[in-house]
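Participant: Below you'll find start01.pdb; it's PDB, C-alpha atoms.
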ATOM      1  CA  MET A 188       8.224   1.405 -15.228  1.00  0.00           C
ATOM      2  CA  LEU A 189       4.937  -0.367 -14.530  1.00  0.00           C
ATOM      3  CA  ASP A 190       2.617   2.650 -14.179  1.00  0.00           C
ATOM      4  CA  HIS A 191       2.308   6.209 -12.938  1.00  0.00           C
ATOM      5  CA  ARG A 192      -0.427   8.546 -11.708  1.00  0.00           C
ATOM      6  CA  ASP A 193      -0.643  12.278 -11.213  1.00  0.00           C
ATOM      7  CA  ILE A 194      -2.170  13.226  -7.897  1.00  0.00           C
ATOM      8  CA  THR A 195      -2.802  16.475  -6.066  1.00  0.00           C
ATOM      9  CA  HIS A 196      -0.841  16.474  -2.826  1.00  0.00           C
ATOM     10  CA  PRO A 197      -2.424  18.759  -0.189  1.00  0.00           C
ATOM     11  CA  ASP A 198       0.947  20.346   0.731  1.00  0.00           C
ATOM     12  CA  LEU A 199       3.116  19.908  -2.363  1.00  0.00           C
ATOM     13  CA  GLY A 200       0.600  20.382  -5.201  1.00  0.00           C
ATOM     14  CA  ALA A 201       1.072  18.279  -8.325  1.00  0.00           C
ATOM     15  CA  VAL A 202       2.944  15.026  -7.641  1.00  0.00           C
ATOM     16  CA  ARG A 203       3.587  12.159 -10.039  1.00  0.00           C
ATOM     17  CA  VAL A 204       3.732   8.736  -8.348  1.00  0.00           C
ATOM     18  CA  PHE A 205       5.586   5.962 -10.187  1.00  0.00           C
ATOM     19  CA  LEU A 206       5.403   2.188  -9.751  1.00  0.00           C
ATOM     20  CA  VAL A 207       8.661   0.615 -10.917  1.00  0.00           C
ATOM     21  CA  ARG A 208      10.037  -2.905 -11.140  1.00  0.00           C
ATOM     22  CA  ARG A 209      13.719  -2.760 -10.260  1.00  0.00           C
ATOM     23  CA  ALA A 210      15.762  -4.342 -13.042  1.00  0.00           C
ATOM     24  CA  ASP A 211      18.955  -4.477 -10.959  1.00  0.00           C
ATOM     25  CA  SER A 212      17.641  -7.080  -8.511  1.00  0.00           C
ATOM     26  CA  GLN A 213      17.614 -10.888  -8.825  1.00  0.00           C
ATOM     27  CA  ASP A 214      14.620 -11.070  -6.503  1.00  0.00           C
ATOM     28  CA  PRO A 215      11.481  -9.361  -7.766  1.00  0.00           C
ATOM     29  CA  LYS A 216      11.525  -5.899  -6.228  1.00  0.00           C
ATOM     30  CA  GLY A 217       9.164  -3.056  -6.787  1.00  0.00           C
ATOM     31  CA  CYS A 218       9.512   0.559  -5.892  1.00  0.00           C
ATOM     32  CA  VAL A 219       7.016   3.342  -5.273  1.00  0.00           C
ATOM     33  CA  ALA A 220       8.630   6.671  -6.151  1.00  0.00           C
ATOM     34  CA  ALA A 221       7.251  10.182  -6.439  1.00  0.00           C
ATOM     35  CA  VAL A 222       8.352  13.509  -7.889  1.00  0.00           C
ATOM     36  CA  THR A 223       6.850  16.945  -7.287  1.00  0.00           C
ATOM     37  CA  GLY A 224       5.816  19.208 -10.146  1.00  0.00           C
ATOM     38  CA  SER A 225       9.055  21.169  -9.613  1.00  0.00           C
ATOM     39  CA  GLY A 226      11.120  17.984 -10.047  1.00  0.00           C
ATOM     40  CA  HIS A 227      11.954  17.310  -6.369  1.00  0.00           C
ATOM     41  CA  ALA A 228      12.240  13.542  -5.740  1.00  0.00           C
ATOM     42  CA  LEU A 229      10.421  12.293  -2.632  1.00  0.00           C
ATOM     43  CA  ALA A 230      11.449   9.307  -0.475  1.00  0.00           C
ATOM     44  CA  THR A 231      10.928   5.930  -2.148  1.00  0.00           C
ATOM     45  CA  THR A 232       9.378   2.743  -0.769  1.00  0.00           C
ATOM     46  CA  ASP A 233      10.743  -0.657  -1.820  1.00  0.00           C
ATOM     47  CA  VAL A 234       8.459  -3.677  -1.828  1.00  0.00           C
ATOM     48  CA  ASP A 235       8.842  -7.376  -2.657  1.00  0.00           C
ATOM     49  CA  ILE A 236       6.644  -8.295  -5.588  1.00  0.00           C
ATOM     50  CA  TYR A 237       5.924 -11.396  -7.613  1.00  0.00           C
ATOM     51  CA  GLU A 238       6.742 -10.628 -11.249  1.00  0.00           C
ATOM     52  CA  ASN A 239       4.939  -7.309 -11.946  1.00  0.00           C
ATOM     53  CA  GLU A 240       2.355  -7.484  -9.152  1.00  0.00           C
ATOM     54  CA  LEU A 241       2.341  -3.794  -8.254  1.00  0.00           C
ATOM     55  CA  ARG A 242      -0.551  -1.560  -9.317  1.00  0.00           C
ATOM     56  CA  PHE A 243      -2.642   1.420  -8.327  1.00  0.00           C
ATOM     57  CA  ALA A 244      -6.139   1.035  -6.934  1.00  0.00           C
ATOM     58  CA  THR A 245      -8.954   2.282  -9.172  1.00  0.00           C
ATOM     59  CA  PRO A 246      -9.411   5.104  -8.370  1.00  0.00           C
ATOM     60  CA  GLU A 247      -5.923   5.574  -6.923  1.00  0.00           C
ATOM     61  CA  SER A 248      -6.998   8.124  -4.281  1.00  0.00           C
ATOM     62  CA  ASP A 249     -10.116   8.726  -2.217  1.00  0.00           C
ATOM     63  CA  THR A 250     -11.573  11.752  -0.399  1.00  0.00           C
ATOM     64  CA  THR A 251      -9.009  11.324   2.418  1.00  0.00           C
ATOM     65  CA  LYS A 252      -6.305  12.344  -0.141  1.00  0.00           C
ATOM     66  CA  ASN A 253      -4.546   9.032   0.579  1.00  0.00           C
ATOM     67  CA  THR A 254      -3.238   7.118  -2.453  1.00  0.00           C
ATOM     68  CA  PHE A 255      -3.496   3.328  -2.585  1.00  0.00           C
ATOM     69  CA  VAL A 256      -1.141   0.804  -4.177  1.00  0.00           C
ATOM     70  CA  ILE A 257      -1.811  -2.936  -4.390  1.00  0.00           C
ATOM     71  CA  TYR A 258       1.213  -5.248  -4.119  1.00  0.00           C
ATOM     72  CA  ASN A 259       1.626  -9.014  -4.122  1.00  0.00           C
ATOM     73  CA  PRO A 260       4.891 -10.572  -2.915  1.00  0.00           C
ATOM     74  CA  GLY A 261       3.824 -14.017  -4.074  1.00  0.00           C
ATOM     75  CA  ARG A 262       0.751 -15.329  -2.287  1.00  0.00           C
ATOM     76  CA  TYR A 263      -1.751 -12.711  -1.129  1.00  0.00           C
ATOM     77  CA  ASP A 264      -2.363  -9.121  -2.109  1.00  0.00           C
ATOM     78  CA  GLY A 265      -1.470  -6.306   0.198  1.00  0.00           C
ATOM     79  CA  VAL A 266      -2.377  -2.615   0.328  1.00  0.00           C
ATOM     80  CA  LEU A 267       0.118   0.225   0.706  1.00  0.00           C
ATOM     81  CA  VAL A 268      -1.373   3.533   1.810  1.00  0.00           C
ATOM     82  CA  LEU A 269       0.483   6.676   0.787  1.00  0.00           C
ATOM     83  CA  VAL A 270      -0.580   9.226   3.394  1.00  0.00           C
ATOM     84  CA  PRO A 271       0.470  12.772   2.492  1.00  0.00           C
ATOM     85  CA  ASN A 272       2.571  14.803   4.918  1.00  0.00           C
ATOM     86  CA  LYS A 273       4.444  18.102   4.526  1.00  0.00           C
ATOM     87  CA  ASP A 274       7.564  16.350   3.144  1.00  0.00           C
ATOM     88  CA  GLY A 275       5.859  13.832   0.874  1.00  0.00           C
ATOM     89  CA  PHE A 276       4.289  10.725   2.384  1.00  0.00           C
ATOM     90  CA  GLU A 277       4.289   9.069   5.809  1.00  0.00           C
ATOM     91  CA  ASP A 278       6.711   6.168   6.297  1.00  0.00           C
ATOM     92  CA  ILE A 279       5.006   2.837   5.460  1.00  0.00           C
ATOM     93  CA  GLY A 280       6.578   1.395   8.610  1.00  0.00           C
ATOM     94  CA  TRP A 281       8.506  -1.647   7.375  1.00  0.00           C
ATOM     95  CA  SER A 282      11.522  -2.502   9.485  1.00  0.00           C
ATOM     96  CA  SER A 283      12.742  -5.503   7.465  1.00  0.00           C
ATOM     97  CA  PRO A 284      12.064  -7.261   4.137  1.00  0.00           C
ATOM     98  CA  MET A 285       9.840  -9.857   5.846  1.00  0.00           C
ATOM     99  CA  GLU A 286       7.539  -7.029   6.902  1.00  0.00           C
ATOM    100  CA  HIS A 287       6.061  -7.234   3.391  1.00  0.00           C
ATOM    101  CA  TYR A 288       4.346 -10.392   4.593  1.00  0.00           C
ATOM    102  CA  ARG A 289       3.383  -9.063   8.012  1.00  0.00           C
ATOM    103  CA  GLY A 290       2.464  -5.536   7.050  1.00  0.00           C
ATOM    104  CA  GLY A 291       3.555  -2.292   8.594  1.00  0.00           C
ATOM    105  CA  LYS A 292       2.130   0.922   9.957  1.00  0.00           C
ATOM    106  CA  LEU A 293       0.529   1.803   6.583  1.00  0.00           C
ATOM    107  CA  ALA A 294       0.980  -1.516   4.794  1.00  0.00           C
ATOM    108  CA  TYR A 295      -1.584  -4.284   5.079  1.00  0.00           C
ATOM    109  CA  TYR A 296      -0.672  -7.773   3.833  1.00  0.00           C
ATOM    110  CA  ASN A 297      -3.437 -10.274   3.024  1.00  0.00           C
ATOM    111  CA  ALA A 298      -5.815  -7.361   2.546  1.00  0.00           C
ATOM    112  CA  ARG A 299      -8.006  -5.767  -0.097  1.00  0.00           C
ATOM    113  CA  LEU A 300      -9.651  -2.417  -0.637  1.00  0.00           C
ATOM    114  CA  ALA A 301     -13.418  -1.981  -0.492  1.00  0.00           C
ATOM    115  CA  GLY A 302     -15.125   1.064  -1.981  1.00  0.00           C
ATOM    116  CA  PRO A 303     -14.884   3.901  -2.187  1.00  0.00           C
ATOM    117  CA  GLY A 304     -18.182   4.007  -0.332  1.00  0.00           C
ATOM    118  CA  GLY A 305     -20.877   6.677  -0.272  1.00  0.00           C
ATOM    119  CA  ASP A 306     -18.555   8.894   1.784  1.00  0.00           C
ATOM    120  CA  GLY A 307     -15.892   8.689  -0.944  1.00  0.00           C
ATOM    121  CA  ARG A 308     -13.527   6.675   1.271  1.00  0.00           C
ATOM    122  CA  TYR A 309     -11.933   3.283   0.897  1.00  0.00           C
ATOM    123  CA  THR A 310     -11.953   0.765   3.722  1.00  0.00           C
ATOM    124  CA  ILE A 311      -9.355  -1.973   4.026  1.00  0.00           C
ATOM    125  CA  VAL A 312     -10.538  -5.541   4.586  1.00  0.00           C
ATOM    126  CA  LYS A 313      -7.741  -7.456   6.302  1.00  0.00           C
ATOM    127  CA  SER A 314      -7.854 -11.259   6.526  1.00  0.00           C
ATOM    128  CA  GLU A 315      -6.348 -13.003   9.545  1.00  0.00           C
ATOM    129  CA  ASN A 316      -5.907 -16.730  10.063  1.00  0.00           C
ATOM    130  CA  SER A 317      -6.063 -18.149  13.600  1.00  0.00           C
ATOM    131  CA  CYS A 318      -3.597 -20.944  12.643  1.00  0.00           C
ATOM    132  CA  ASP A 319      -5.396 -23.151  15.182  1.00  0.00           C
ATOM    133  CA  PRO A 320      -4.819 -26.107  15.077  1.00  0.00           C
ATOM    134  CA  SER A 321      -2.633 -25.243  12.042  1.00  0.00           C
ATOM    135  CA  CYS A 322      -2.587 -22.461   9.494  1.00  0.00           C
ATOM    136  CA  ALA A 323      -3.987 -24.843   6.865  1.00  0.00           C
ATOM    137  CA  GLU A 324      -6.962 -25.659   9.108  1.00  0.00           C
ATOM    138  CA  GLY A 325      -7.317 -22.351  10.944  1.00  0.00           C
ATOM    139  CA  ALA A 326     -10.349 -20.095  10.744  1.00  0.00           C
ATOM    140  CA  THR A 327     -10.024 -16.936   8.645  1.00  0.00           C
ATOM    141  CA  THR A 328     -11.532 -13.728   9.960  1.00  0.00           C
ATOM    142  CA  ASN A 329     -12.034 -10.550   7.946  1.00  0.00           C
ATOM    143  CA  ILE A 330     -11.575  -7.245   9.766  1.00  0.00           C
ATOM    144  CA  THR A 331     -12.719  -4.006   8.125  1.00  0.00           C
ATOM    145  CA  LEU A 332     -10.454  -1.050   8.861  1.00  0.00           C
ATOM    146  CA  HIS A 333     -11.600   2.581   8.597  1.00  0.00           C
ATOM    147  CA  TRP A 334      -9.549   5.780   8.286  1.00  0.00           C
ATOM    148  CA  ASN A 335      -9.762   7.941  11.417  1.00  0.00           C
ATOM    149  CA  GLY A 336      -7.601  10.784  10.061  1.00  0.00           C
ATOM    150  CA  HIS A 337      -4.325   9.218  11.243  1.00  0.00           C
ATOM    151  CA  GLU A 338      -4.542   5.451  10.744  1.00  0.00           C
ATOM    152  CA  TYR A 339      -6.794   2.574   9.710  1.00  0.00           C
ATOM    153  CA  LEU A 340      -8.574   0.921  12.630  1.00  0.00           C
ATOM    154  CA  PRO A 341     -11.564  -1.393  13.151  1.00  0.00           C
ATOM    155  CA  ALA A 342     -14.856   0.465  13.656  1.00  0.00           C
ATOM    156  CA  ALA A 343     -15.449   1.381  17.293  1.00  0.00           C
TER     157      ALA A 343
END
Would you encode the structure as structure tokens?
Facilitator:
Amino acid sequence: MLDHRDITHPDLGAVRVFLVRRADSQDPKGCVAAVTGSGHALATTDVDIYENELRFATPESDTTKNTFVIYNPGRYDGVLVLVPNKDGFEDIGWSSPMEHYRGGKLAYYNARLAGPGGDGRYTIVKSENSCDPSCAEGATTNITLHWNGHEYLPAA
């Protein structure tokens, strides 16, 4: 186990979230797992990581009640957002292992957290490379994403 945090889930009460490095894998794999105070295991999320590059944000949650985990599959950091729902947490939205590099519905590769700000919320700063004329020479743009109650989007 790499780390754990106790959070207050709005529907399930006390939940302990674990960050684990899977020992049974030849490739570095991490896992985000959670258990309710009554011992009910919630759905897990697997993630490619470089060595032990899986950690909680500090603080791990903000006023949205979302919990944030930083992962690094080998080049850039990414942000996983654990959004509470009645059964545990929303699906991160990865459809294949390579999604760890592209991101998902609630996973942002080549991104970092900013904040929490004066409103008690984190924003996610996502970097995108134009790859024009090549990725090595392309311009990098930073896009700040804000929580709208359902997802992280650029400010309107």
Participant: What does the PyMOL selection byres ((chain A and resi 266) around 6) select in this file, as a VMD selection string?
Facilitator: chain A and resid 256 to 257 265 267 294 to 295
Participant: So what does the PyMOL selection byres ((chain A and resi 217-220) around 8) actually pick up in this one, as a list of chain:residue names?
Facilitator: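 Matching residues under the PyMOL selection byres ((chain A and resi 217-220) around 8) are A:Val204, A:Phe205, A:Leu206, A:Val207, A:Arg208, A:Arg209, A:Pro215, A:Lys216, A:Ala221, A:Val222, A:Ala228, A:Leu229, A:Ala230, A:Thr231, A:Thr232, A:Asp233, A:Val234, A:Asp235, A:Ile236, A:Asn239, A:Leu241.
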Participant: Please list as a VMD selection string every residue within 10 Å of A:Arg262, counting only C-alpha atoms and excluding residues in the same chain fewer than 5 positions away.
Facilitator: chain A and resid 236 to 237 288 296 to 297
Participant: For the provided coordinates, the residues matched by the PyMOL selection byres ((chain A and resi 325-333) around 10) should be stated as a tab-separated table (two decimals) with C-alpha atoms, in the frame of the given file.
Facilitator:
chain	number	residue	atom	x	y	z
A	297	ASN	CA	-3.44	-10.27	3.02
A	298	ALA	CA	-5.82	-7.36	2.55
A	299	ARG	CA	-8.01	-5.77	-0.10
A	300	LEU	CA	-9.65	-2.42	-0.64
A	301	ALA	CA	-13.42	-1.98	-0.49
A	308	ARG	CA	-13.53	6.68	1.27
A	309	TYR	CA	-11.93	3.28	0.90
A	310	THR	CA	-11.95	0.76	3.72
A	311	ILE	CA	-9.36	-1.97	4.03
A	312	VAL	CA	-10.54	-5.54	4.59
A	313	LYS	CA	-7.74	-7.46	6.30
A	314	SER	CA	-7.85	-11.26	6.53
A	315	GLU	CA	-6.35	-13.00	9.54
A	316	ASN	CA	-5.91	-16.73	10.06
A	317	SER	CA	-6.06	-18.15	13.60
A	318	CYS	CA	-3.60	-20.94	12.64
A	319	ASP	CA	-5.40	-23.15	15.18
A	320	PRO	CA	-4.82	-26.11	15.08
A	321	SER	CA	-2.63	-25.24	12.04
A	322	CYS	CA	-2.59	-22.46	9.49
A	323	ALA	CA	-3.99	-24.84	6.86
A	324	GLU	CA	-6.96	-25.66	9.11
A	334	TRP	CA	-9.55	5.78	8.29
A	335	ASN	CA	-9.76	7.94	11.42
A	336	GLY	CA	-7.60	10.78	10.06
A	338	GLU	CA	-4.54	5.45	10.74
A	339	TYR	CA	-6.79	2.57	9.71
A	340	LEU	CA	-8.57	0.92	12.63
A	341	PRO	CA	-11.56	-1.39	13.15
A	342	ALA	CA	-14.86	0.46	13.66
A	343	ALA	CA	-15.45	1.38	17.29
Participant: So that I can check the surroundings of A:Thr254, please list as a list in words every protein, DNA and RNA residue that reaches within 10 Å of it, counting all atoms listed in the file and ignoring chain neighbours fewer than 6 positions away.
Facilitator: Arg192, Ile194, His196, Val204, Phe243, Ala244, Pro246, Glu247, Ser248, Leu267, Val268, Leu269, Val270, Pro271 and Phe276 of chain A
Participant: Include C-alpha atoms and write out the residues we just selected as an mmCIF file, keeping the file's coordinate frame.
Facilitator:
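Output (again.cif):
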data_model
loop_
_atom_site.group_PDB
_atom_site.id
_atom_site.type_symbol
_atom_site.label_atom_id
_atom_site.label_comp_id
_atom_site.auth_asym_id
_atom_site.auth_seq_id
_atom_site.Cartn_x
_atom_site.Cartn_y
_atom_site.Cartn_z
ATOM 1 C CA ARG A 192 -0.427 8.546 -11.708
ATOM 2 C CA ILE A 194 -2.170 13.226 -7.897
ATOM 3 C CA HIS A 196 -0.841 16.474 -2.826
ATOM 4 C CA VAL A 204 3.732 8.736 -8.348
ATOM 5 C CA PHE A 243 -2.642 1.420 -8.327
ATOM 6 C CA ALA A 244 -6.139 1.035 -6.934
ATOM 7 C CA PRO A 246 -9.411 5.104 -8.370
ATOM 8 C CA GLU A 247 -5.923 5.574 -6.923
ATOM 9 C CA SER A 248 -6.998 8.124 -4.281
ATOM 10 C CA LEU A 267 0.118 0.225 0.706
ATOM 11 C CA VAL A 268 -1.373 3.533 1.810
ATOM 12 C CA LEU A 269 0.483 6.676 0.787
ATOM 13 C CA VAL A 270 -0.580 9.226 3.394
ATOM 14 C CA PRO A 271 0.470 12.772 2.492
ATOM 15 C CA PHE A 276 4.289 10.725 2.384
#
Participant: For atom CA of A:Gly200 and atom CA of A:Asp306, quote the distance in Å rounded to one decimal.
Facilitator: 23.4 Å
Participant: Between atom CA of A:Asn253 and atom CA of A:Glu238, what is the distance, to one decimal in Å?
Facilitator: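 Rounded to one decimal, the two atoms are 25.6 Å apart.
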Participant: Separation of atom CA of A:Lys273 and atom CA of A:Asp193, in Å?
Facilitator: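 These atoms are spaced 17.5 Å apart.
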Participant: Tell me which of A:Arg242, A:Lys252, A:His191, A:Arg203 sits closest to A:Ser225, counting only C-alpha atoms.
Facilitator: A:Arg203
Participant: Which of these, A:Glu277, A:Leu199, A:Pro303, A:Asn272, has the shortest distance to A:Gly291 once you count all atoms listed in the file?
Facilitator: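 The shortest atom-to-atom distance to A:Gly291 comes from A:Glu277.
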Participant: Enclose stretch 249-263 of chain A, meaning all of its atoms listed in the file, in a box aligned along x, y and z, pad it by 4 Å on each side, and list the centre and edge lengths in Å to one decimal, as lines of an AutoDock Vina configuration file.
Facilitator:
center_x = -3.3
center_y = -1.5
center_z = -1.0
size_x = 24.5
size_y = 35.7
size_z = 14.8
Participant: Pick out the closest residue to A:Pro197 from this set: A:His337, A:Gly304, A:Glu240, A:Gly275. Count all atoms listed in the file.
Facilitator: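 Between A:His337, A:Gly304, A:Glu240, A:Gly275, the residue approaching A:Pro197 most closely is A:Gly275.
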Participant: So, with all atoms listed in the file as the atoms that count, which of A:Phe255, A:Thr250, A:Asp198, A:Pro260 lies closest to A:Ile279?
Facilitator: A:Phe255
